[in-house]
$ cat entry-v3.cif   # mmCIF, C-alpha atoms
data_start
#
loop_
_atom_site.label_atom_id
_atom_site.label_comp_id
_atom_site.auth_asym_id
_atom_site.auth_seq_id
_atom_site.Cartn_x
_atom_site.Cartn_y
_atom_site.Cartn_z
CA MET U 1 0.00 0.00 0.00
CA GLU U 2 1.36 3.39 -0.98
CA PRO U 3 1.67 5.85 1.90
CA GLY U 4 -0.12 9.17 2.13
CA THR U 5 -3.64 10.32 2.84
CA ALA U 6 -6.00 10.28 -0.13
CA ARG U 7 -9.40 11.99 0.01
CA ILE U 8 -11.73 10.49 -2.57
CA ALA U 9 -15.17 11.89 -3.45
CA VAL U 10 -17.54 9.03 -4.28
CA ASP U 11 -20.75 9.48 -6.26
CA LEU U 12 -23.19 7.44 -4.17
CA LEU U 13 -25.95 7.50 -6.80
CA GLY U 14 -23.82 6.59 -9.82
CA GLY U 15 -24.40 3.15 -11.34
CA ASP U 16 -27.12 0.65 -12.09
CA ASP U 17 -27.26 -0.75 -8.55
CA ALA U 18 -26.46 2.41 -6.60
CA PRO U 19 -26.38 3.25 -3.80
CA ALA U 20 -26.12 -0.22 -2.22
CA VAL U 21 -23.26 -1.46 -4.40
CA VAL U 22 -21.38 1.84 -4.14
CA VAL U 23 -21.65 1.86 -0.35
CA ASP U 24 -20.47 -1.75 -0.17
CA GLY U 25 -17.50 -0.99 -2.44
CA ALA U 26 -16.59 2.09 -0.45
CA LEU U 27 -16.59 0.05 2.76
CA ARG U 28 -14.25 -2.53 1.22
CA ALA U 29 -11.92 0.21 0.01
CA LEU U 30 -11.82 1.82 3.46
CA ARG U 31 -11.01 -1.44 5.19
CA ALA U 32 -8.20 -2.16 2.72
CA ASP U 33 -6.55 1.27 2.96
CA PRO U 34 -5.99 2.83 6.41
CA ASP U 35 -4.96 6.17 4.87
CA LEU U 36 -8.09 6.51 2.78
CA HIS U 37 -10.69 9.19 3.53
CA LEU U 38 -14.00 9.29 1.66
CA LEU U 39 -16.39 12.11 0.88
CA LEU U 40 -19.67 10.38 0.13
CA VAL U 41 -21.81 12.52 -2.17
CA GLY U 42 -25.47 11.60 -2.02
CA PRO U 43 -28.42 11.13 0.35
CA PRO U 44 -27.18 10.94 3.96
CA GLU U 45 -29.36 7.92 4.69
CA ALA U 46 -27.60 6.01 1.91
CA ALA U 47 -24.30 6.45 3.74
CA ASP U 48 -25.65 5.38 7.13
CA GLY U 49 -25.03 1.70 6.52
CA LEU U 50 -21.37 2.29 5.71
CA ILE U 51 -20.82 4.52 8.70
CA ASP U 52 -22.58 2.09 11.06
CA ALA U 53 -20.43 -0.79 9.79
CA LEU U 54 -17.18 0.98 10.72
CA ASP U 55 -15.53 0.97 14.10
CA PRO U 56 -16.06 4.36 15.78
CA VAL U 57 -12.35 5.17 15.49
CA HIS U 58 -12.60 4.92 11.68
CA ARG U 59 -15.79 6.90 11.25
CA VAL U 60 -13.79 10.13 11.21
CA ARG U 61 -12.57 9.03 7.77
CA ILE U 62 -16.08 9.50 6.36
CA THR U 63 -17.69 12.79 5.41
CA VAL U 64 -21.08 13.11 3.74
CA ARG U 65 -22.11 15.85 1.31
CA PRO U 66 -25.93 15.71 1.07
CA VAL U 67 -27.19 15.66 -2.53
CA ARG U 68 -30.40 13.93 -3.59
CA ASP U 69 -30.44 14.28 -7.38
CA ALA U 70 -28.54 12.07 -9.80
CA VAL U 71 -27.98 11.88 -13.54
CA GLY U 72 -29.69 8.74 -14.81
CA MET U 73 -27.85 6.27 -17.00
CA ALA U 74 -30.23 7.06 -19.87
CA ASP U 75 -30.09 10.83 -19.43
CA HIS U 76 -28.34 13.09 -21.92
CA PRO U 77 -24.83 14.12 -20.78
CA SER U 78 -25.99 17.74 -20.61
CA ALA U 79 -27.94 16.73 -17.49
CA ALA U 80 -24.60 16.99 -15.68
CA ARG U 81 -24.98 20.75 -15.83
CA ALA U 82 -27.81 20.56 -13.28
CA GLU U 83 -27.26 19.99 -9.56
CA SER U 84 -26.48 16.30 -9.12
CA THR U 85 -24.20 13.95 -7.22
CA VAL U 86 -21.58 13.87 -9.96
CA ARG U 87 -21.56 17.65 -10.31
CA ALA U 88 -21.21 18.02 -6.53
CA ALA U 89 -18.34 15.51 -6.52
CA VAL U 90 -16.58 17.54 -9.21
CA ALA U 91 -17.14 20.70 -7.14
CA ALA U 92 -15.51 18.99 -4.14
CA LEU U 93 -12.48 18.21 -6.26
CA ARG U 94 -12.36 21.74 -7.62
CA ASP U 95 -12.59 23.42 -4.20
CA GLY U 96 -9.97 21.16 -2.64
CA THR U 97 -12.31 19.20 -0.37
CA ALA U 98 -11.35 16.02 -2.24
CA ASP U 99 -8.19 14.91 -4.06
CA ALA U 100 -9.94 12.70 -6.62
CA LEU U 101 -13.40 11.46 -7.53
CA VAL U 102 -14.97 8.15 -8.51
CA SER U 103 -18.30 7.58 -10.23
CA ALA U 104 -20.02 4.58 -11.75
CA GLY U 105 -22.72 6.77 -13.23
CA SER U 106 -23.30 7.87 -16.80
CA THR U 107 -19.94 8.10 -18.56
CA GLY U 108 -21.06 11.00 -20.71
CA ALA U 109 -22.35 12.94 -17.72
CA THR U 110 -19.21 12.29 -15.69
CA VAL U 111 -16.90 13.40 -18.50
CA THR U 112 -19.05 16.45 -19.20
CA ALA U 113 -19.21 17.45 -15.53
CA ALA U 114 -15.45 17.04 -15.16
CA ALA U 115 -14.66 19.00 -18.31
CA LEU U 116 -16.99 21.84 -17.35
CA GLY U 117 -16.14 21.93 -13.66
CA LEU U 118 -12.39 21.31 -13.74
CA GLY U 119 -11.40 22.59 -17.16
CA ARG U 120 -9.52 20.79 -19.90
CA TRP U 121 -5.81 20.73 -20.54
CA PRO U 122 -4.49 23.00 -23.30
CA ASP U 123 -4.86 21.44 -26.75
CA VAL U 124 -7.15 18.66 -25.44
CA ARG U 125 -10.66 19.17 -26.76
CA ARG U 126 -11.88 15.62 -26.17
CA PRO U 127 -10.77 14.00 -22.87
CA ALA U 128 -10.11 10.27 -23.07
CA LEU U 129 -10.89 7.37 -20.77
CA VAL U 130 -7.88 5.10 -20.41
CA ALA U 131 -7.94 1.51 -19.15
CA THR U 132 -5.04 -0.84 -18.53
CA LEU U 133 -5.37 -4.44 -19.68
CA PRO U 134 -3.17 -7.29 -18.41
CA ALA U 135 -1.61 -8.53 -21.64
CA VAL U 136 0.63 -11.58 -21.83
CA THR U 137 3.85 -9.54 -21.96
CA GLY U 138 2.80 -6.80 -19.55
CA PRO U 139 0.24 -4.00 -19.23
CA VAL U 140 -1.33 -2.51 -22.35
CA VAL U 141 -2.91 0.93 -22.15
CA LEU U 142 -6.13 1.17 -24.18
CA LEU U 143 -7.81 4.47 -25.00
CA ASP U 144 -10.36 5.73 -25.59
CA VAL U 145 -12.82 3.37 -23.85
CA GLY U 146 -15.90 5.57 -23.84
CA GLY U 147 -15.11 9.28 -23.70
CA SER U 148 -15.22 10.26 -27.39
CA LEU U 149 -17.37 8.00 -29.51
CA GLU U 150 -16.76 9.60 -32.93
CA PRO U 151 -13.37 11.34 -32.89
CA ARG U 152 -11.57 12.95 -35.80
CA PRO U 153 -8.04 11.82 -36.75
CA ALA U 154 -6.55 14.78 -34.88
CA THR U 155 -8.27 13.62 -31.69
CA LEU U 156 -6.87 10.11 -32.09
CA ALA U 157 -3.41 11.61 -32.54
CA ARG U 158 -3.84 13.67 -29.38
CA HIS U 159 -5.01 10.59 -27.51
CA ALA U 160 -1.84 8.83 -28.65
CA VAL U 161 0.11 11.53 -26.82
CA LEU U 162 -2.05 11.09 -23.72
CA GLY U 163 -1.68 7.31 -23.80
CA ALA U 164 2.09 7.40 -24.24
CA ALA U 165 2.48 9.78 -21.30
CA TYR U 166 0.15 7.70 -19.13
CA ALA U 167 2.01 4.47 -19.91
CA ALA U 168 5.30 6.11 -18.95
CA VAL U 169 3.96 7.63 -15.72
CA ALA U 170 1.49 5.06 -14.44
CA HIS U 171 3.29 1.91 -15.56
CA ALA U 172 6.92 3.03 -15.94
CA VAL U 173 7.01 1.88 -19.57
CA ALA U 174 10.22 3.06 -21.18
CA ALA U 175 9.79 4.39 -24.73
CA PRO U 176 6.17 3.19 -25.14
CA ARG U 177 5.16 1.68 -28.46
CA VAL U 178 1.91 3.21 -29.72
CA GLY U 179 -0.41 1.49 -32.19
CA LEU U 180 -3.71 2.38 -33.86
CA LEU U 181 -6.39 -0.32 -33.66
CA SER U 182 -7.65 -1.50 -37.04
CA VAL U 183 -8.64 -4.64 -38.96
CA GLY U 184 -5.16 -5.30 -40.34
CA THR U 185 -1.60 -4.12 -39.93
CA GLU U 186 -0.98 -3.14 -43.55
CA ALA U 187 -1.12 0.54 -44.46
CA GLY U 188 -4.51 1.49 -45.88
CA LYS U 189 -6.48 -1.03 -43.82
CA GLY U 190 -9.50 0.07 -41.83
CA ASP U 191 -12.34 2.52 -42.21
CA ARG U 192 -12.13 6.12 -43.36
CA VAL U 193 -11.14 7.45 -39.94
CA ARG U 194 -8.31 4.91 -39.50
CA ARG U 195 -6.97 5.48 -42.99
CA ALA U 196 -6.90 9.22 -42.36
CA ALA U 197 -5.54 8.92 -38.82
CA ASP U 198 -2.61 6.60 -39.61
CA PRO U 199 -0.37 9.25 -41.25
CA VAL U 200 -1.45 11.84 -38.65
CA LEU U 201 -0.28 9.60 -35.82
CA ALA U 202 2.93 8.87 -37.69
CA ALA U 203 3.70 12.60 -37.77
CA GLU U 204 2.64 13.31 -34.17
CA PRO U 205 5.50 14.05 -31.72
CA LEU U 206 5.15 11.67 -28.77
CA PRO U 207 6.47 12.14 -25.21
CA SER U 208 8.69 9.85 -23.13
CA GLY U 209 10.61 8.55 -26.13
CA ALA U 210 7.46 6.87 -27.45
CA ARG U 211 7.21 5.81 -31.08
CA TYR U 212 4.30 5.04 -33.35
CA VAL U 213 4.41 1.44 -34.64
CA GLY U 214 1.47 1.68 -37.05
CA LEU U 215 -1.75 -0.32 -37.22
CA VAL U 216 -2.41 -3.14 -34.76
CA GLU U 217 -5.18 -5.71 -34.48
CA GLY U 218 -7.45 -6.83 -31.66
CA TYR U 219 -5.30 -9.75 -30.59
CA ASP U 220 -2.34 -7.40 -30.17
CA VAL U 221 -4.22 -5.87 -27.23
CA SER U 222 -4.24 -9.13 -25.27
CA ARG U 223 -0.74 -10.18 -26.36
CA GLY U 224 1.06 -6.89 -25.83
CA ALA U 225 3.94 -7.91 -28.08
CA ARG U 226 3.57 -5.11 -30.66
CA ALA U 227 2.27 -2.15 -28.69
CA ASP U 228 2.20 -0.84 -25.13
CA VAL U 229 -0.48 1.74 -26.00
CA VAL U 230 -3.42 1.05 -28.32
CA VAL U 231 -5.44 4.01 -29.58
CA THR U 232 -9.00 3.75 -30.87
CA ASP U 233 -12.35 5.54 -30.74
CA GLY U 234 -14.45 5.38 -27.59
CA PHE U 235 -17.14 3.22 -29.17
CA THR U 236 -14.78 0.48 -30.36
CA GLY U 237 -12.64 0.75 -27.25
CA ASN U 238 -15.59 0.32 -24.92
CA VAL U 239 -16.86 -2.70 -26.84
CA LEU U 240 -13.38 -4.26 -26.91
CA LEU U 241 -12.82 -3.65 -23.20
CA LYS U 242 -16.06 -5.37 -22.22
CA ALA U 243 -15.41 -8.24 -24.63
CA VAL U 244 -11.99 -8.80 -23.06
CA GLU U 245 -13.50 -8.74 -19.58
CA GLY U 246 -16.10 -11.29 -20.66
CA ALA U 247 -13.42 -13.52 -22.14
CA TYR U 248 -11.44 -13.37 -18.89
CA ALA U 249 -14.55 -14.38 -16.96
CA MET U 250 -15.16 -17.36 -19.25
CA ALA U 251 -11.52 -18.42 -18.99
CA GLY U 252 -11.58 -18.33 -15.21
CA GLY U 253 -9.58 -15.14 -14.78
CA PRO U 254 -7.08 -12.80 -16.44
CA PRO U 255 -3.38 -13.56 -17.08
CA ALA U 256 -1.07 -13.78 -14.09
CA SER U 257 0.44 -10.44 -15.12
CA GLY U 258 -2.47 -8.52 -13.64
CA GLY U 259 -6.16 -8.22 -12.91
CA ALA U 260 -8.93 -7.33 -15.30
CA PRO U 261 -9.64 -3.61 -15.60
CA ARG U 262 -12.45 -2.45 -13.36
CA ALA U 263 -12.15 1.29 -13.85
CA ALA U 264 -10.77 3.86 -16.25
CA ALA U 265 -8.91 7.10 -15.61
CA LEU U 266 -10.01 10.28 -17.38
CA LEU U 267 -7.16 12.09 -19.12
CA GLY U 268 -7.40 15.65 -20.34
CA VAL U 269 -9.11 17.39 -17.42
CA ALA U 270 -7.48 19.25 -14.55
CA GLY U 271 -8.07 16.68 -11.84
CA THR U 272 -7.97 12.99 -10.95
CA VAL U 273 -11.21 11.40 -12.14
CA VAL U 274 -11.96 7.66 -12.30
CA VAL U 275 -14.99 6.13 -14.02
CA CYS U 276 -16.34 2.66 -13.20
CA HIS U 277 -18.74 0.59 -15.28
CA GLY U 278 -22.41 1.39 -14.84
CA ALA U 279 -22.91 -2.29 -14.00
CA ALA U 280 -20.12 -2.17 -11.42
CA GLU U 281 -20.26 -4.51 -8.46
CA ALA U 282 -18.83 -3.76 -5.02
CA ASP U 283 -15.35 -5.06 -5.91
CA ASP U 284 -15.35 -2.89 -9.02
CA VAL U 285 -16.18 0.23 -7.02
CA ALA U 286 -13.48 -0.63 -4.49
CA SER U 287 -11.02 -1.11 -7.34
CA GLY U 288 -11.96 2.27 -8.80
CA ILE U 289 -11.43 3.98 -5.46
CA ALA U 290 -8.06 2.26 -5.09
CA LEU U 291 -7.06 3.40 -8.58
CA ALA U 292 -8.04 6.99 -7.80
CA ALA U 293 -5.99 6.92 -4.58
CA HIS U 294 -3.01 5.41 -6.41
CA LEU U 295 -3.09 8.04 -9.14
CA TRP U 296 -3.38 10.85 -6.61
CA ARG U 297 -0.56 9.60 -4.41
CA ARG U 298 1.75 9.36 -7.40
CA ARG U 299 0.54 12.72 -8.73
CA ALA U 300 0.17 10.77 -11.95
CA ILE U 301 -2.31 13.10 -13.64
CA ASP U 302 -0.10 16.11 -12.97
CA GLN U 303 2.91 14.24 -14.37
CA VAL U 304 1.01 13.27 -17.52
CA ALA U 305 -0.05 16.90 -18.00
CA ALA U 306 3.56 18.03 -17.58
CA LEU U 307 4.74 15.60 -20.24
CA LEU U 308 2.32 17.15 -22.72
CA THR U 309 4.14 20.47 -22.55
CA GLY U 310 5.86 21.03 -25.86
CA HIS U 311 3.79 18.40 -27.67
CA ALA U 312 1.34 20.61 -29.53
CA PRO U 313 -1.18 18.82 -31.77
CA VAL U 314 -0.59 18.61 -35.50
CA GLY U 315 -4.21 19.44 -36.31
CA HIS U 316 -7.47 20.70 -34.91
CA ASP U 317 -10.61 18.79 -34.03
CA HIS U 318 -14.03 20.40 -34.36
CA ILE U 319 -16.31 17.35 -34.26
CA ILE U 320 -19.27 17.34 -31.88
CA ASP U 321 -19.37 14.05 -29.98
CA THR U 322 -22.52 12.00 -29.83
CA GLU U 323 -21.99 11.15 -26.16
CA VAL U 324 -19.98 13.90 -24.52
CA ALA U 325 -21.38 17.38 -25.01
CA THR U 326 -18.85 19.98 -24.02
CA PRO U 327 -18.70 23.60 -25.12
#
$ encode --input "entry-v3.cif" --output "structure tokens"
Amino acid sequence: MEPGTARIAVDLLGGDDAPAVVVDGALRALRADPDLHLLLVGPPEAADGLIDALDPVHRVRITVRPVRDAVGMADHPSAARAESTVRAAVAALRDGTADALVSAGSTGATVTAAALGLGRWPDVRRPALVATLPAVTGPVVLLDVGGSLEPRPATLARHAVLGAAYAAVAHAVAAPRVGLLSVGTEAGKGDRVRRAADPVLAAEPLPSGARYVGLVEGYDVSRGARADVVVTDGFTGNVLLKAVEGAYAMAGGPPASGGAPRAAALLGVAGTVVVCHGAAEADDVASGIALAAHLWRRRAIDQVAALLTGHAPVGHDHIIDTEVATP
């Protein structure tokens, strides 16, 4: 366990089975990490069970911010502009009450609330959700897994920069190899976006000594032999991530090199934000809280942002996403 206090804001009403599953996951996270403090954002009565389950000496590690409204999983992302648990959690991060936040609610609403409330990094118009998969040869960073569903080539190139920096900071990968997910490795393979994005990524300056290795295929994600970072759109990335998780479950578990991803970090906003699946179970929520604490303690998001300095994008992206509505 890494040392240092970490104050994590948790969206109690985010997720299909909230608040019960979120409260259970938060309790597991607290018991596993003695330096963890939680700000529970939601109805006070929803937090009572967690507080009652703790020894009195540990109850001081729990604070409740009363909020009764939530963004539903089927709501438009713009609903995040209204008062809600995820917006209040973002406000806690912005005002310094929390160091990081975790939500299993609507991905679009969480990304929108974070972008509006925390601000985006320079030259990052579309933040990306990044997950780490346990490939055979080591961790593989996959992005985007749900933030930008229909990106332009310039956005994919910018996400390559984000992914390379994240691999170097979060996983200590030296000179990360970056690939673009497609249906073949030969130049010219793939749909219109991939064909256009391939030369853009090839020309994009990458941080941490990273290099672009060209097109990669789906099995390269689970093998990890060709690329340490795999870039794709949020639609394909989300589908691939869940397919991999399902395959792990059928096979009895992931490779010995690491556990299956249970949460994704949001890159491109000025704060540490972790998003869990909407169908998250208690262990998934606990894993997301642990990831948020780990990233905060390592100041990983700040380090990734610092690595982007001097890596200006080669193009501009003006597409309006179908999921994440940001100004």
$ resolve_selection --input "entry-v3.cif" --expression "the PyMOL selection byres ((chain U and resi 206) around 9)" --output "PDB file with C-alpha atoms, keeping the file's coordinate frame"
ATOM      1  CA  ALA U 160      -1.840   8.830 -28.650  1.00  0.00           C
ATOM      2  CA  VAL U 161       0.110  11.530 -26.820  1.00  0.00           C
ATOM      3  CA  LEU U 162      -2.050  11.090 -23.720  1.00  0.00           C
ATOM      4  CA  ALA U 164       2.090   7.400 -24.240  1.00  0.00           C
ATOM      5  CA  ALA U 165       2.480   9.780 -21.300  1.00  0.00           C
ATOM      6  CA  GLU U 204       2.640  13.310 -34.170  1.00  0.00           C
ATOM      7  CA  PRO U 205       5.500  14.050 -31.720  1.00  0.00           C
ATOM      8  CA  PRO U 207       6.470  12.140 -25.210  1.00  0.00           C
ATOM      9  CA  SER U 208       8.690   9.850 -23.130  1.00  0.00           C
ATOM     10  CA  GLY U 209      10.610   8.550 -26.130  1.00  0.00           C
ATOM     11  CA  ALA U 210       7.460   6.870 -27.450  1.00  0.00           C
ATOM     12  CA  ARG U 211       7.210   5.810 -31.080  1.00  0.00           C
ATOM     13  CA  TYR U 212       4.300   5.040 -33.350  1.00  0.00           C
ATOM     14  CA  LEU U 308       2.320  17.150 -22.720  1.00  0.00           C
ATOM     15  CA  HIS U 311       3.790  18.400 -27.670  1.00  0.00           C
TER      16      HIS U 311
END
$ atom_distance --input "entry-v3.cif" --atom1 "CA of Ala279 (chain U)" --atom2 "CA of Asp33 (chain U)"
23.8 Å
$ resolve_selection --input "entry-v3.cif" --expression "the PyMOL selection byres ((chain U and resi 144) around 7)" --output "CSV table (one decimal) with C-alpha atoms, in the coordinates of the input"
chain,number,residue,atom,x,y,z
U,128,ALA,CA,-10.1,10.3,-23.1
U,129,LEU,CA,-10.9,7.4,-20.8
U,130,VAL,CA,-7.9,5.1,-20.4
U,142,LEU,CA,-6.1,1.2,-24.2
U,143,LEU,CA,-7.8,4.5,-25.0
U,145,VAL,CA,-12.8,3.4,-23.8
U,146,GLY,CA,-15.9,5.6,-23.8
U,147,GLY,CA,-15.1,9.3,-23.7
U,148,SER,CA,-15.2,10.3,-27.4
U,231,VAL,CA,-5.4,4.0,-29.6
U,232,THR,CA,-9.0,3.8,-30.9
U,233,ASP,CA,-12.4,5.5,-30.7
U,234,GLY,CA,-14.4,5.4,-27.6
U,237,GLY,CA,-12.6,0.8,-27.2
$ axis_aligned_box --input "entry-v3.cif" --around "region 197-201 of chain U" --padding-each-side "8 Å" --output "JSON"
{"center_x": -2.9, "center_y": 9.2, "center_z": -38.5, "size_x": 21.3, "size_y": 21.2, "size_z": 21.4}
$ closest_residue --input "entry-v3.cif" --among "U:Asp99, U:Ala32, U:Val64, U:Glu150" --to "Thr5 (chain U)" --atoms "only C-alpha atoms"
U:Asp99
$ resolve_selection --input "entry-v3.cif" --expression "the PyMOL selection byres ((chain U and resi 38) around 9)" --output "number ranges by chain"
U: 6-10, 26, 30, 36-37, 39-40, 61-64, 98
$ atom_distance --input "entry-v3.cif" --atom1 "CA of Leu291 (chain U)" --atom2 "CA of Glu217 (chain U)"
27.5 Å
$ atom_distance --input "entry-v3.cif" --atom1 "CA of Asp24 (chain U)" --atom2 "CA of Leu116 (chain U)"
29.4 Å
$ closest_residue --input "entry-v3.cif" --among "U:Ala88, U:Ala20, U:His171, U:Ala197" --to "Leu133 (chain U)" --atoms "all atoms listed in the file"
U:His171
$ residues_around --input "entry-v3.cif" --residues "Lys189 (chain U)" --least-positions-apart "3" --cutoff "12 Å" --atoms "all atoms listed in the file" --output "ChimeraX atom specification"
/U:180-186,192-198,214-217
$ closest_residue --input "entry-v3.cif" --among "U:Leu118, U:Val230, U:Ala243, U:Val173" --to "Ala157 (chain U)" --atoms "all atoms listed in the file"
U:Val230
$ closest_residue --input "entry-v3.cif" --among "U:Trp121, U:Val285, U:Val41, U:Pro34" --to "Leu307 (chain U)" --atoms "all atoms listed in the file"
U:Trp121
$ residues_around --input "entry-v3.cif" --residues "Ile301 (chain U)" --least-positions-apart "6" --cutoff "8 Å" --atoms "only C-alpha atoms" --output "ChimeraX atom specification"
/U:267,271-272,295
$ write_last_selection --input "entry-v3.cif" --atoms "C-alpha atoms" --output "CSV table (one decimal), keeping the file's coordinate frame"
chain,number,residue,atom,x,y,z
U,267,LEU,CA,-7.2,12.1,-19.1
U,271,GLY,CA,-8.1,16.7,-11.8
U,272,THR,CA,-8.0,13.0,-11.0
U,295,LEU,CA,-3.1,8.0,-9.1
$ closest_residue --input "entry-v3.cif" --among "U:Ser222, U:Gln303, U:Thr137, U:Ser287" --to "Ala104 (chain U)" --atoms "only C-alpha atoms"
U:Ser287
$ residues_around --input "entry-v3.cif" --residues "Asp228 (chain U)" --least-positions-apart "6" --cutoff "8 Å" --atoms "all atoms listed in the file" --output "VMD selection string"
chain U and resid 139 to 141 167 173 176 to 179
$ closest_residue --input "entry-v3.cif" --among "U:Ala114, U:Val269, U:Gly42, U:Ala53" --to "Pro66 (chain U)" --atoms "only C-alpha atoms"
U:Gly42
$ decode --input "entry-v3.cif" --residues "region 210-221 of chain U" --atoms "N, CA, C and O atoms" --output "PDB file, in the first residue's frame"
ATOM      1  N   ALA U 210       8.402   7.796 -26.813  1.00  0.00           N
ATOM      2  CA  ALA U 210       7.461   6.871 -27.446  1.00  0.00           C
ATOM      3  C   ALA U 210       7.581   6.936 -28.964  1.00  0.00           C
ATOM      4  O   ALA U 210       8.010   7.938 -29.536  1.00  0.00           O
ATOM      5  N   ARG U 211       7.184   5.852 -29.620  1.00  0.00           N
ATOM      6  CA  ARG U 211       7.206   5.805 -31.078  1.00  0.00           C
ATOM      7  C   ARG U 211       5.940   5.141 -31.587  1.00  0.00           C
ATOM      8  O   ARG U 211       5.389   4.235 -30.953  1.00  0.00           O
ATOM      9  N   TYR U 212       5.489   5.602 -32.720  1.00  0.00           N
ATOM     10  CA  TYR U 212       4.303   5.038 -33.349  1.00  0.00           C
ATOM     11  C   TYR U 212       4.700   3.831 -34.187  1.00  0.00           C
ATOM     12  O   TYR U 212       5.587   3.919 -35.039  1.00  0.00           O
ATOM     13  N   VAL U 213       4.046   2.681 -33.957  1.00  0.00           N
ATOM     14  CA  VAL U 213       4.409   1.442 -34.642  1.00  0.00           C
ATOM     15  C   VAL U 213       3.428   1.089 -35.751  1.00  0.00           C
ATOM     16  O   VAL U 213       3.586   0.066 -36.407  1.00  0.00           O
ATOM     17  N   GLY U 214       2.403   1.935 -35.967  1.00  0.00           N
ATOM     18  CA  GLY U 214       1.467   1.679 -37.047  1.00  0.00           C
ATOM     19  C   GLY U 214       0.196   0.987 -36.573  1.00  0.00           C
ATOM     20  O   GLY U 214      -0.174   1.036 -35.398  1.00  0.00           O
ATOM     21  N   LEU U 215      -0.475   0.332 -37.505  1.00  0.00           N
ATOM     22  CA  LEU U 215      -1.751  -0.320 -37.215  1.00  0.00           C
ATOM     23  C   LEU U 215      -1.533  -1.616 -36.446  1.00  0.00           C
ATOM     24  O   LEU U 215      -0.584  -2.357 -36.708  1.00  0.00           O
ATOM     25  N   VAL U 216      -2.426  -1.884 -35.505  1.00  0.00           N
ATOM     26  CA  VAL U 216      -2.406  -3.137 -34.756  1.00  0.00           C
ATOM     27  C   VAL U 216      -3.807  -3.730 -34.794  1.00  0.00           C
ATOM     28  O   VAL U 216      -4.783  -3.044 -35.111  1.00  0.00           O
ATOM     29  N   GLU U 217      -3.900  -5.016 -34.465  1.00  0.00           N
ATOM     30  CA  GLU U 217      -5.185  -5.707 -34.482  1.00  0.00           C
ATOM     31  C   GLU U 217      -5.635  -6.048 -33.068  1.00  0.00           C
ATOM     32  O   GLU U 217      -4.885  -5.882 -32.105  1.00  0.00           O
ATOM     33  N   GLY U 218      -6.866  -6.554 -32.963  1.00  0.00           N
ATOM     34  CA  GLY U 218      -7.449  -6.826 -31.664  1.00  0.00           C
ATOM     35  C   GLY U 218      -6.636  -7.761 -30.809  1.00  0.00           C
ATOM     36  O   GLY U 218      -6.506  -7.565 -29.592  1.00  0.00           O
ATOM     37  N   TYR U 219      -6.056  -8.807 -31.411  1.00  0.00           N
ATOM     38  CA  TYR U 219      -5.303  -9.750 -30.589  1.00  0.00           C
ATOM     39  C   TYR U 219      -4.004  -9.152 -30.067  1.00  0.00           C
ATOM     40  O   TYR U 219      -3.423  -9.661 -29.106  1.00  0.00           O
ATOM     41  N   ASP U 220      -3.541  -8.064 -30.682  1.00  0.00           N
ATOM     42  CA  ASP U 220      -2.344  -7.399 -30.171  1.00  0.00           C
ATOM     43  C   ASP U 220      -2.608  -6.763 -28.807  1.00  0.00           C
ATOM     44  O   ASP U 220      -1.672  -6.551 -28.026  1.00  0.00           O
ATOM     45  N   VAL U 221      -3.877  -6.462 -28.517  1.00  0.00           N
ATOM     46  CA  VAL U 221      -4.218  -5.872 -27.229  1.00  0.00           C
ATOM     47  C   VAL U 221      -4.003  -6.878 -26.107  1.00  0.00           C
ATOM     48  O   VAL U 221      -3.475  -6.557 -25.040  1.00  0.00           O
TER      49      VAL U 221
END
